[in-house]
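Student: To be precise about what I am sending: the file is called final-v5.pdb and holds PDB, C-alpha atoms.
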MODEL        1
ATOM      1  CA  GLY A   1      10.174 -14.359   0.801
ATOM      2  CA  PHE A   2      10.424 -10.615   1.356
ATOM      3  CA  ASP A   3      10.379  -8.185   4.258
ATOM      4  CA  GLY A   4       9.133  -4.659   4.394
ATOM      5  CA  PHE A   5       6.440  -2.217   5.367
ATOM      6  CA  ARG A   6       3.002  -1.415   4.018
ATOM      7  CA  PHE A   7       1.844   2.114   4.756
ATOM      8  CA  ASP A   8      -1.953   1.894   4.881
ATOM      9  CA  GLY A   9      -4.256   4.732   3.832
ATOM     10  CA  ILE A  10      -1.601   7.373   3.262
ATOM     11  CA  THR A  11      -3.988   9.504   1.191
ATOM     12  CA  SER A  12      -5.296  10.814   4.523
ATOM     13  CA  MET A  13      -1.750  11.874   5.409
ATOM     14  CA  LEU A  14      -0.791  13.486   2.106
ATOM     15  CA  TYR A  15      -3.421  16.234   2.189
ATOM     16  CA  GLN A  16      -4.675  18.598   4.858
ATOM     17  CA  SER A  17      -8.201  17.716   3.701
ATOM     18  CA  HIS A  18      -7.251  14.041   4.182
ATOM     19  CA  GLY A  19      -8.465  13.525   0.597
ATOM     20  CA  ILE A  20     -12.073  13.560   1.809
ATOM     21  CA  GLY A  21     -14.549  14.638  -0.851
ATOM     22  CA  LYS A  22     -11.828  14.954  -3.498
ATOM     23  CA  GLY A  23     -11.801  13.446  -6.959
ATOM     24  CA  TYR A  24      -8.228  13.423  -8.212
ATOM     25  CA  THR A  25      -7.922  13.583 -11.997
ATOM     26  CA  GLY A  26      -4.133  13.548 -12.391
ATOM     27  CA  GLY A  27      -3.422  17.285 -12.643
ATOM     28  CA  TYR A  28      -0.311  18.225 -10.680
ATOM     29  CA  HIS A  29      -2.052  21.247  -9.136
ATOM     30  CA  GLU A  30      -4.304  18.820  -7.237
ATOM     31  CA  TYR A  31      -1.355  17.199  -5.495
ATOM     32  CA  PHE A  32       1.113  19.970  -4.762
ATOM     33  CA  GLY A  33      -1.122  22.974  -4.027
ATOM     34  CA  GLY A  34      -2.192  24.453  -0.723
ATOM     35  CA  ASP A  35      -3.866  21.200   0.367
ATOM     36  CA  ALA A  36      -0.538  19.322   0.463
ATOM     37  CA  ASP A  37       0.506  18.317   3.989
ATOM     38  CA  ILE A  38       4.235  18.992   3.733
ATOM     39  CA  ASP A  39       5.017  17.614   7.210
ATOM     40  CA  SER A  40       3.493  14.279   6.198
ATOM     41  CA  HIS A  41       5.383  14.317   2.895
ATOM     42  CA  ILE A  42       8.653  14.785   4.782
ATOM     43  CA  TYR A  43       7.752  12.061   7.301
ATOM     44  CA  LEU A  44       7.061   9.529   4.520
ATOM     45  CA  MET A  45      10.283  10.473   2.718
ATOM     46  CA  LEU A  46      12.321  10.105   5.934
ATOM     47  CA  ALA A  47      10.619   6.801   6.831
ATOM     48  CA  ASN A  48      11.365   5.304   3.402
ATOM     49  CA  ASP A  49      14.927   6.618   3.429
ATOM     50  CA  LEU A  50      15.527   5.166   6.912
ATOM     51  CA  ILE A  51      14.017   1.776   6.022
ATOM     52  CA  HIS A  52      16.044   1.459   2.814
ATOM     53  CA  ASN A  53      19.277   2.572   4.500
ATOM     54  CA  ILE A  54      18.936   0.158   7.427
ATOM     55  CA  VAL A  55      17.612  -2.809   5.409
ATOM     56  CA  PRO A  56      18.430  -2.230   1.723
ATOM     57  CA  SER A  57      16.438  -5.318   0.673
ATOM     58  CA  ALA A  58      13.274  -4.128   2.457
ATOM     59  CA  VAL A  59      10.200  -3.420   0.329
ATOM     60  CA  THR A  60       7.911  -0.481   1.069
ATOM     61  CA  VAL A  61       4.374  -0.213  -0.262
ATOM     62  CA  GLY A  62       2.203   2.908  -0.130
ATOM     63  CA  GLU A  63      -1.592   2.622  -0.259
ATOM     64  CA  ASP A  64      -2.724   5.859  -1.891
ATOM     65  CA  VAL A  65      -5.960   6.296  -3.826
ATOM     66  CA  SER A  66      -5.233   9.818  -5.076
ATOM     67  CA  GLY A  67      -2.532   8.895  -7.589
ATOM     68  CA  MET A  68       0.090  11.112  -5.940
ATOM     69  CA  PRO A  69       2.938  11.665  -8.422
ATOM     70  CA  THR A  70       6.459  10.775  -7.231
ATOM     71  CA  LEU A  71       5.122   8.274  -4.656
ATOM     72  CA  CYS A  72       7.401   5.566  -6.064
ATOM     73  CA  ARG A  73      10.318   7.756  -7.074
ATOM     74  CA  PRO A  74      13.505   7.591  -4.989
ATOM     75  CA  VAL A  75      13.899  10.168  -2.238
ATOM     76  CA  GLU A  76      17.129  11.392  -3.835
ATOM     77  CA  ASP A  77      15.072  12.259  -6.947
ATOM     78  CA  GLY A  78      12.548  14.209  -4.867
ATOM     79  CA  GLY A  79      10.088  11.343  -4.507
ATOM     80  CA  PHE A  80       8.542   9.687  -1.489
ATOM     81  CA  GLY A  81      10.726   6.593  -1.885
ATOM     82  CA  PHE A  82       8.121   3.815  -1.930
ATOM     83  CA  ASP A  83       8.995   0.729  -3.936
ATOM     84  CA  TYR A  84       5.373   0.015  -4.905
ATOM     85  CA  ARG A  85       1.949   1.617  -4.911
ATOM     86  CA  LEU A  86      -0.969  -0.548  -3.821
ATOM     87  CA  ALA A  87      -3.533  -0.328  -6.636
ATOM     88  CA  MET A  88      -6.806   0.069  -4.748
ATOM     89  CA  ALA A  89      -8.926   0.712  -7.852
ATOM     90  CA  ILE A  90      -8.581  -2.941  -8.882
ATOM     91  CA  PRO A  91     -10.386  -4.568  -5.928
ATOM     92  CA  ASP A  92     -12.916  -1.710  -5.933
ATOM     93  CA  MET A  93     -13.681  -2.354  -9.613
ATOM     94  CA  PHE A  94     -14.061  -6.108  -9.176
ATOM     95  CA  ILE A  95     -16.378  -5.897  -6.159
ATOM     96  CA  LYS A  96     -18.559  -3.388  -8.028
ATOM     97  CA  MET A  97     -18.715  -5.683 -11.065
ATOM     98  CA  LEU A  98     -19.567  -8.730  -8.971
ATOM     99  CA  LYS A  99     -22.310  -6.888  -7.089
ATOM    100  CA  GLU A 100     -23.883  -4.936  -9.950
ATOM    101  CA  GLN A 101     -23.313  -6.786 -13.243
ATOM    102  CA  THR A 102     -23.801 -10.158 -14.847
ATOM    103  CA  ASP A 103     -20.720 -11.799 -16.313
ATOM    104  CA  GLU A 104     -21.938 -10.889 -19.803
ATOM    105  CA  GLY A 105     -22.094  -7.210 -18.817
ATOM    106  CA  TRP A 106     -18.430  -6.885 -17.934
ATOM    107  CA  ASP A 107     -16.743  -4.112 -19.912
ATOM    108  CA  MET A 108     -13.376  -5.535 -20.977
ATOM    109  CA  GLY A 109     -12.095  -2.114 -21.973
ATOM    110  CA  ASN A 110     -12.770  -0.790 -18.461
ATOM    111  CA  ILE A 111     -11.146  -3.871 -16.911
ATOM    112  CA  VAL A 112      -7.985  -3.474 -19.004
ATOM    113  CA  HIS A 113      -7.864   0.272 -18.324
ATOM    114  CA  THR A 114      -8.175  -0.244 -14.557
ATOM    115  CA  LEU A 115      -5.512  -2.970 -14.550
ATOM    116  CA  THR A 116      -3.031  -0.817 -16.501
ATOM    117  CA  ASN A 117      -3.839   2.687 -15.229
ATOM    118  CA  ARG A 118      -0.682   3.926 -13.506
ATOM    119  CA  ARG A 119       2.006   6.511 -13.861
ATOM    120  CA  TYR A 120       4.849   5.825 -16.272
ATOM    121  CA  LYS A 121       7.383   3.336 -14.836
ATOM    122  CA  GLU A 122       5.540   3.153 -11.513
ATOM    123  CA  LYS A 123       5.611  -0.282  -9.894
ATOM    124  CA  VAL A 124       2.209  -1.338  -8.630
ATOM    125  CA  ILE A 125       0.845  -4.219  -6.589
ATOM    126  CA  GLY A 126      -2.639  -5.140  -7.740
ATOM    127  CA  TYR A 127      -4.924  -7.778  -6.327
ATOM    128  CA  VAL A 128      -8.570  -8.715  -6.705
ATOM    129  CA  GLU A 129      -9.640  -8.924  -3.083
ATOM    130  CA  SER A 130      -8.919  -6.432  -0.332
ATOM    131  CA  HIS A 131      -9.535  -6.399   3.384
ATOM    132  CA  ASP A 132     -11.267  -3.054   2.773
ATOM    133  CA  GLN A 133     -14.196  -4.873   1.121
ATOM    134  CA  ALA A 134     -14.459  -7.306   4.044
ATOM    135  CA  ILE A 135     -14.631  -4.420   6.528
ATOM    136  CA  VAL A 136     -17.738  -2.975   4.862
ATOM    137  CA  GLY A 137     -19.448  -6.351   4.369
ATOM    138  CA  ASP A 138     -18.663  -6.986   0.708
TER     139      ASP A 138
ENDMDL
END
What is this file in C-alpha cells?
Tutor:
Amino acid sequence: GFDGFRFDGITSMLYQSHGIGKGYTGGYHEYFGGDADIDSHIYLMLANDLIHNIVPSAVTVGEDVSGMPTLCRPVEDGGFGFDYRLAMAIPDMFIKMLKEQTDEGWDMGNIVHTLTNRRYKEKVIGYVESHDQAIVGD
C-alpha cells in the first residue's frame, strides 16, 4: 500500500573509499572528513528532494551500513532526505546466529542492542531475512 524508492548499497556512494575496509564507530569525523564523496551526497539529496516534491506520499529508503548521520533528516535541515534507513545489521546478526550458535547460546542482550541500535529519532526498516544472504548462499 505504498510507493517509493529503495536506494541499494549507498555506502559505496557516500565515500570515496566506497566504505571498503572501514569500520564505522559513530564518530562524525568518519563520515564528513576527506573520504566523503560530496558529489554523491548532493545527488542523493537532490534525488530525495525531487521524489518528495513530485510525489509527496512517496517513501524513500536508504541502505547504508556505515551509520551515516543525517541520512534520514530532511534536505531542508541539511540531511539526505530519506524517510527510512534499511537496518542491515539485523539480518546479518540473525544469519550469523543461525549458522554459528545453538538456540541456547543466543545472547539476548546482543539481540536487543542490534534491534534498537539507531540514531535518535531515525526511522528504520528492519527485517530478519535479506536478499544479500541469498546471494552468498546463506
Student: What are the closest atom pairs, with distances in Å to one decimal, for each residue of range 35-112 of chain A lying within 6 Å of range 124-137 of chain A, using all atoms listed in the file, rows by chain and rising residue number, as a Markdown table?
Tutor:
| residue | atom | partner | partner_atom | distance |
| --- | --- | --- | --- | --- |
| A:Tyr84 | CA | A:Val124 | CA | 5.1 |
| A:Arg85 | CA | A:Val124 | CA | 4.8 |
| A:Leu86 | CA | A:Ile125 | CA | 4.9 |
| A:Ala87 | CA | A:Gly126 | CA | 5.0 |
| A:Pro91 | CA | A:Val128 | CA | 4.6 |
Student: Rounded to one decimal place, report the CA of Gly62 in chain A-CA of Ile10 in chain A distance in Å.
Tutor: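 A separation of 6.8 Å between them.
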Student: Can you tell me, as a VMD selection string, what residues are no more than 12 Å from Pro69 in chain A when counting all atoms listed in the file, ignoring any on the same chain fewer than 6 positions away?
Tutor: chain A and resid 14 24 to 32 41 78 to 82 85 118 to 122
Student: Write to file, as a PDB file, in the frame of the given file, the residues of the selection just made, with C-alpha atoms.
Tutor:
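Everything below was put into selection-v2.pdb:
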ATOM      1  CA  LEU A  14      -0.791  13.486   2.106  1.00  0.00           C
ATOM      2  CA  TYR A  24      -8.228  13.423  -8.212  1.00  0.00           C
ATOM      3  CA  THR A  25      -7.922  13.583 -11.997  1.00  0.00           C
ATOM      4  CA  GLY A  26      -4.133  13.548 -12.391  1.00  0.00           C
ATOM      5  CA  GLY A  27      -3.422  17.285 -12.643  1.00  0.00           C
ATOM      6  CA  TYR A  28      -0.311  18.225 -10.680  1.00  0.00           C
ATOM      7  CA  HIS A  29      -2.052  21.247  -9.136  1.00  0.00           C
ATOM      8  CA  GLU A  30      -4.304  18.820  -7.237  1.00  0.00           C
ATOM      9  CA  TYR A  31      -1.355  17.199  -5.495  1.00  0.00           C
ATOM     10  CA  PHE A  32       1.113  19.970  -4.762  1.00  0.00           C
ATOM     11  CA  HIS A  41       5.383  14.317   2.895  1.00  0.00           C
ATOM     12  CA  GLY A  78      12.548  14.209  -4.867  1.00  0.00           C
ATOM     13  CA  GLY A  79      10.088  11.343  -4.507  1.00  0.00           C
ATOM     14  CA  PHE A  80       8.542   9.687  -1.489  1.00  0.00           C
ATOM     15  CA  GLY A  81      10.726   6.593  -1.885  1.00  0.00           C
ATOM     16  CA  PHE A  82       8.121   3.815  -1.930  1.00  0.00           C
ATOM     17  CA  ARG A  85       1.949   1.617  -4.911  1.00  0.00           C
ATOM     18  CA  ARG A 118      -0.682   3.926 -13.506  1.00  0.00           C
ATOM     19  CA  ARG A 119       2.006   6.511 -13.861  1.00  0.00           C
ATOM     20  CA  TYR A 120       4.849   5.825 -16.272  1.00  0.00           C
ATOM     21  CA  LYS A 121       7.383   3.336 -14.836  1.00  0.00           C
ATOM     22  CA  GLU A 122       5.540   3.153 -11.513  1.00  0.00           C
TER      23      GLU A 122
END
Student: Pick from A:Asp77, A:Asp3, A:Asp83, A:Asp49: nearest to Lys123 in chain A, with all atoms listed in the file counted?
Tutor: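 That would be A:Asp83, the residue with the smallest distance to Lys123 in chain A.
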Student: With the file shown as input, list the residues that the PyMOL selection byres ((chain A and resi 59) around 7) selects, as a PyMOL selection string.
Tutor: chain A and resi 3-5+57-58+60-61+83
Student: Can you tell me, as AutoDock Vina command-line options, the centre and edge lengths (Å, one decimal) of the axis-aligned box enclosing all of range 105-123 of chain A's listed atoms after padding each side by 4 Å?
Tutor:
--center_x -7.4 --center_y -0.3 --center_z -15.9 --size_x 37.5 --size_y 21.7 --size_z 20.1
Student: So what do you get for CA of Thr70 in chain A versus CA of Thr11 in chain A, distance-wise?
Tutor: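 Distance reported for this atom pair: 13.5 Å.
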Student: Name the closest residue to Met88 in chain A among the candidates A:Leu46, A:Leu115, A:Met108, A:Leu71; distances are taken between atoms, counting all atoms listed in the file.
Tutor: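 Of A:Leu46, A:Leu115, A:Met108, A:Leu71, the one nearest Met88 in chain A, counting all atoms listed in the file, is A:Leu115.
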Student: Record the distance separating CA of Asn110 in chain A and CA of Asp92 in chain A, expressed in Å with one decimal.
Tutor: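 Between these atoms lies a distance of 12.6 Å.
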Student: Starting from the shown file, work through the PyMOL selection byres ((chain A and resi 66) around 8) and note down what comes out as a PyMOL selection string.
Tutor: chain A and resi 11+19+23-24+64-65+67-68
Student: Go through A:His52, A:Cys72, A:Thr114, A:Asp35 one by one, measure the shortest atom-to-atom distance of each to Lys22 in chain A using all atoms listed in the file, and give the residue with the smallest value.
Tutor: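 Of the candidates, the smallest distance to Lys22 in chain A is held by A:Asp35.
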Student: Can you work out which one of A:Asn48, A:Tyr15, A:Leu98, A:Asn53 has the shortest atom-to-atom distance to Val75 in chain A, counting only C-alpha atoms?
Tutor: A:Asn48
Student: I need the residue nearest Arg73 in chain A from this list: A:Met45, A:Ile111, A:Val55, A:Ala36. Use all atoms listed in the file for the distance.
Tutor: A:Met45
Student: Point out the residue among A:Lys96, A:Ile90, A:Met13, A:Asp8 with the least atom-to-atom distance to His113 in chain A, counting all atoms listed in the file.
Tutor: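 Nearest candidate to His113 in chain A out of A:Lys96, A:Ile90, A:Met13, A:Asp8: A:Ile90.
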